[in-house]
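Structure record follows, encoded as structure tokens.
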Amino acid sequence: MSLPAAAKSYLSLIATRRSTYTLAKEPSILNVDQIHSILSSVLEYSPSSFNCKSPRLVLLLGADHDEYWGTTIPNALTSIMKSHGAGEEAIKAATGRLAMFKPAFGTVVFFESSAVVEEQQKNMPQYKDNFPIWSEHATGIAQTNAWSALTNAGYGANLQHYANLGEQALKEKYNLPSDWKPKAELVFGAKTAEPQPKEYNAEEENKNRLHVFGA
């Protein structure tokens, strides 16, 4: 089926977004100003409930990125696993996985402002129970848009969810507002290998995933 050129172009752009784990610092691909410009545009164009602009981003590069994955998160993960009675082998296996993220070029840490969410709840109590859900939508959209944008700039990337472990350390180190709640990290860098081709049988799989009525 033929689609408008703009739609085909957009779909081809989002199709490039894949989970890539073999990442390196070189070549750097973009400079800091260019990465900042991409993330700024992501914040500008990513929608949020009632345009509340709840997503917050922190970009970690260089030594700050290395410290995050080399010290901050491994230490936090080790501490919480020990508090739950995990053995040394389990801890070694869990923290060992973190080693794949440090060689990357940088990390975008995604937060949501709980103060913004609470203000929405106060101003529109009829939607009180929905605003935390819509906040999750907002961060998910921002994460996907940043992932797609950086991928189309030439980077490989993968999304991780260790940010809650490093929350206190990040807030203390960078003096971040107390109401910022961490949601995820987007690790990105130069690809040293391509991800495996994605297999998806749209005709078969969408039988149970996509329904059309009224046509």
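To be explicit about the labels: the chains of the structure tokens are called A, B, and onward in the order shown, and within each one the residues are counted from 1, while ligands get numbers from 1 in the order they are shown.
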Could you list, with a cut-off of 9 Å and counting only C-alpha atoms, the residues of region 111-206 of chain A near region 68-74 of chain A, each shown with its nearest atom pair and the distance in Å rounded to one decimal, rows sorted by chain and ascending number, as a tab-separated table?
residue	atom	partner	partner_atom	distance
A:Tyr162	CA	A:Ile73	CA	7.1
A:Ala163	CA	A:Ile73	CA	8.0
A:Leu165	CA	A:Ile73	CA	6.5
A:Gly166	CA	A:Ile73	CA	5.8
A:Ala169	CA	A:Thr72	CA	7.1
A:Leu170	CA	A:Thr72	CA	8.5
Output C-alpha atoms for every residue in that selection, as a JSON list (two decimals), in the first residue's frame.
[["chain", "number", "residue", "atom", "x", "y", "z"],
["A", 162, "TYR", "CA", 18.92, 2.01, 37.04],
["A", 163, "ALA", "CA", 18.29, 5.70, 37.60],
["A", 165, "LEU", "CA", 19.45, 3.65, 42.38],
["A", 166, "GLY", "CA", 21.57, 6.71, 41.65],
["A", 169, "ALA", "CA", 24.01, 10.63, 44.43],
["A", 170, "LEU", "CA", 22.95, 12.56, 41.33]]
Handout entry: Exercise: region 49-52 of chain A partners within 9 Å, only C-alpha atoms, chain neighbours under 3 positions left out, as a PyMOL selection string
Key = chain A and resi 55+116-117+120+131+134-135+137-138
Completion exercise
Shortest contact to Leu59 (chain A), candidates A:Asn75, A:Asn164, A:Asn152, A:Thr107, atoms counted only C-alpha atoms, goes to A:Thr107
Problem - Residue set, region 66-214 of chain A restricted to strand (DSSP E or B), as a VMD selection string - result: chain A and resid 106 to 113 156 to 160 180 to 191
How would the residues just chosen look if you wrote them out with N, CA and C atoms as a CSV table (one decimal), in the first residue's frame?
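Output file again_8.csv is given in full below:
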chain,number,residue,atom,x,y,z
A,106,GLY,N,28.1,8.8,26.1
A,106,GLY,CA,27.3,9.6,27.1
A,106,GLY,C,26.0,8.9,27.5
A,107,THR,N,25.4,9.6,28.5
A,107,THR,CA,24.1,9.1,29.0
A,107,THR,C,23.2,10.3,29.2
A,108,VAL,N,21.9,10.1,28.8
A,108,VAL,CA,20.9,11.0,29.1
A,108,VAL,C,20.0,10.4,30.2
A,109,VAL,N,20.0,11.1,31.4
A,109,VAL,CA,19.1,10.6,32.5
A,109,VAL,C,17.8,11.4,32.4
A,110,PHE,N,16.7,10.6,32.4
A,110,PHE,CA,15.4,11.2,32.3
A,110,PHE,C,14.7,11.3,33.7
A,111,PHE,N,14.2,12.5,34.0
A,111,PHE,CA,13.4,12.7,35.3
A,111,PHE,C,12.0,13.2,34.9
A,112,GLU,N,11.2,13.1,35.9
A,112,GLU,CA,9.9,13.8,35.8
A,112,GLU,C,9.7,14.7,37.1
A,113,SER,N,9.2,15.9,36.9
A,113,SER,CA,9.0,16.8,38.0
A,113,SER,C,7.7,16.5,38.7
A,156,GLY,N,24.5,4.7,18.2
A,156,GLY,CA,23.8,3.5,18.7
A,156,GLY,C,23.4,3.9,20.2
A,157,ALA,N,22.3,3.3,20.7
A,157,ALA,CA,21.8,3.6,22.0
A,157,ALA,C,21.0,2.5,22.6
A,158,ASN,N,20.9,2.5,23.9
A,158,ASN,CA,20.0,1.5,24.6
A,158,ASN,C,19.4,2.2,25.8
A,159,LEU,N,18.3,1.8,26.2
A,159,LEU,CA,17.6,2.4,27.4
A,159,LEU,C,17.7,1.5,28.6
A,160,GLN,N,18.1,2.1,29.7
A,160,GLN,CA,18.2,1.4,30.9
A,160,GLN,C,17.4,2.0,32.1
A,180,TRP,N,12.6,16.2,41.4
A,180,TRP,CA,12.8,15.4,40.2
A,180,TRP,C,12.9,13.9,40.5
A,181,LYS,N,12.1,13.1,39.8
A,181,LYS,CA,12.0,11.7,40.0
A,181,LYS,C,12.6,11.0,38.8
A,182,PRO,N,13.7,10.2,39.1
A,182,PRO,CA,14.4,9.6,37.9
A,182,PRO,C,13.5,8.5,37.3
A,183,LYS,N,13.6,8.3,36.0
A,183,LYS,CA,12.8,7.3,35.3
A,183,LYS,C,13.7,6.4,34.4
A,184,ALA,N,14.7,6.9,33.8
A,184,ALA,CA,15.5,6.0,32.9
A,184,ALA,C,16.7,6.7,32.4
A,185,GLU,N,17.6,5.8,31.8
A,185,GLU,CA,18.8,6.4,31.2
A,185,GLU,C,18.9,5.9,29.8
A,186,LEU,N,19.3,6.8,28.9
A,186,LEU,CA,19.6,6.5,27.5
A,186,LEU,C,21.1,6.6,27.3
A,187,VAL,N,21.7,5.4,27.1
A,187,VAL,CA,23.1,5.3,26.9
A,187,VAL,C,23.4,5.3,25.4
A,188,PHE,N,24.3,6.2,25.0
A,188,PHE,CA,24.6,6.3,23.6
A,188,PHE,C,26.1,6.4,23.2
A,189,GLY,N,26.4,6.0,22.0
A,189,GLY,CA,27.8,6.1,21.6
A,189,GLY,C,28.0,5.6,20.2
A,190,ALA,N,29.2,5.6,19.8
A,190,ALA,CA,29.5,5.1,18.4
A,190,ALA,C,29.3,3.6,18.4
A,191,LYS,N,28.6,3.1,17.4
A,191,LYS,CA,28.4,1.7,17.2
A,191,LYS,C,29.6,0.9,16.8
Exercise for the section: Determine the nearest neighbour of Ser37 (chain A) from the options A:Ile14, A:Thr139, A:Leu150, A:Thr20, counting only C-alpha atoms. Expected result: A:Leu150
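Across the model, the gap from CA of Glu205 (chain A) to CA of Thr22 (chain A) is 29.0 Å.
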Practice task
Could you pull out the residues in region 46-111 of chain A that DSSP calls helix (DSSP H, G or I) from the backbone, as a count of residues only?
Solution key: 38
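Nearest residue to Leu57 (chain A), choosing from A:Ala104, A:Met124, A:Ala149, A:Leu176 and counting only C-alpha atoms: A:Leu176.
What separates CA of Ser19 (chain A) from CA of Pro195 (chain A) is a distance of 7.1 Å.
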Handout entry: For Asn145 (chain A), the nearest of the candidates A:Ser46, A:Arg18, A:Ser2, A:Ser40, counting only C-alpha atoms
Key = A:Ser46
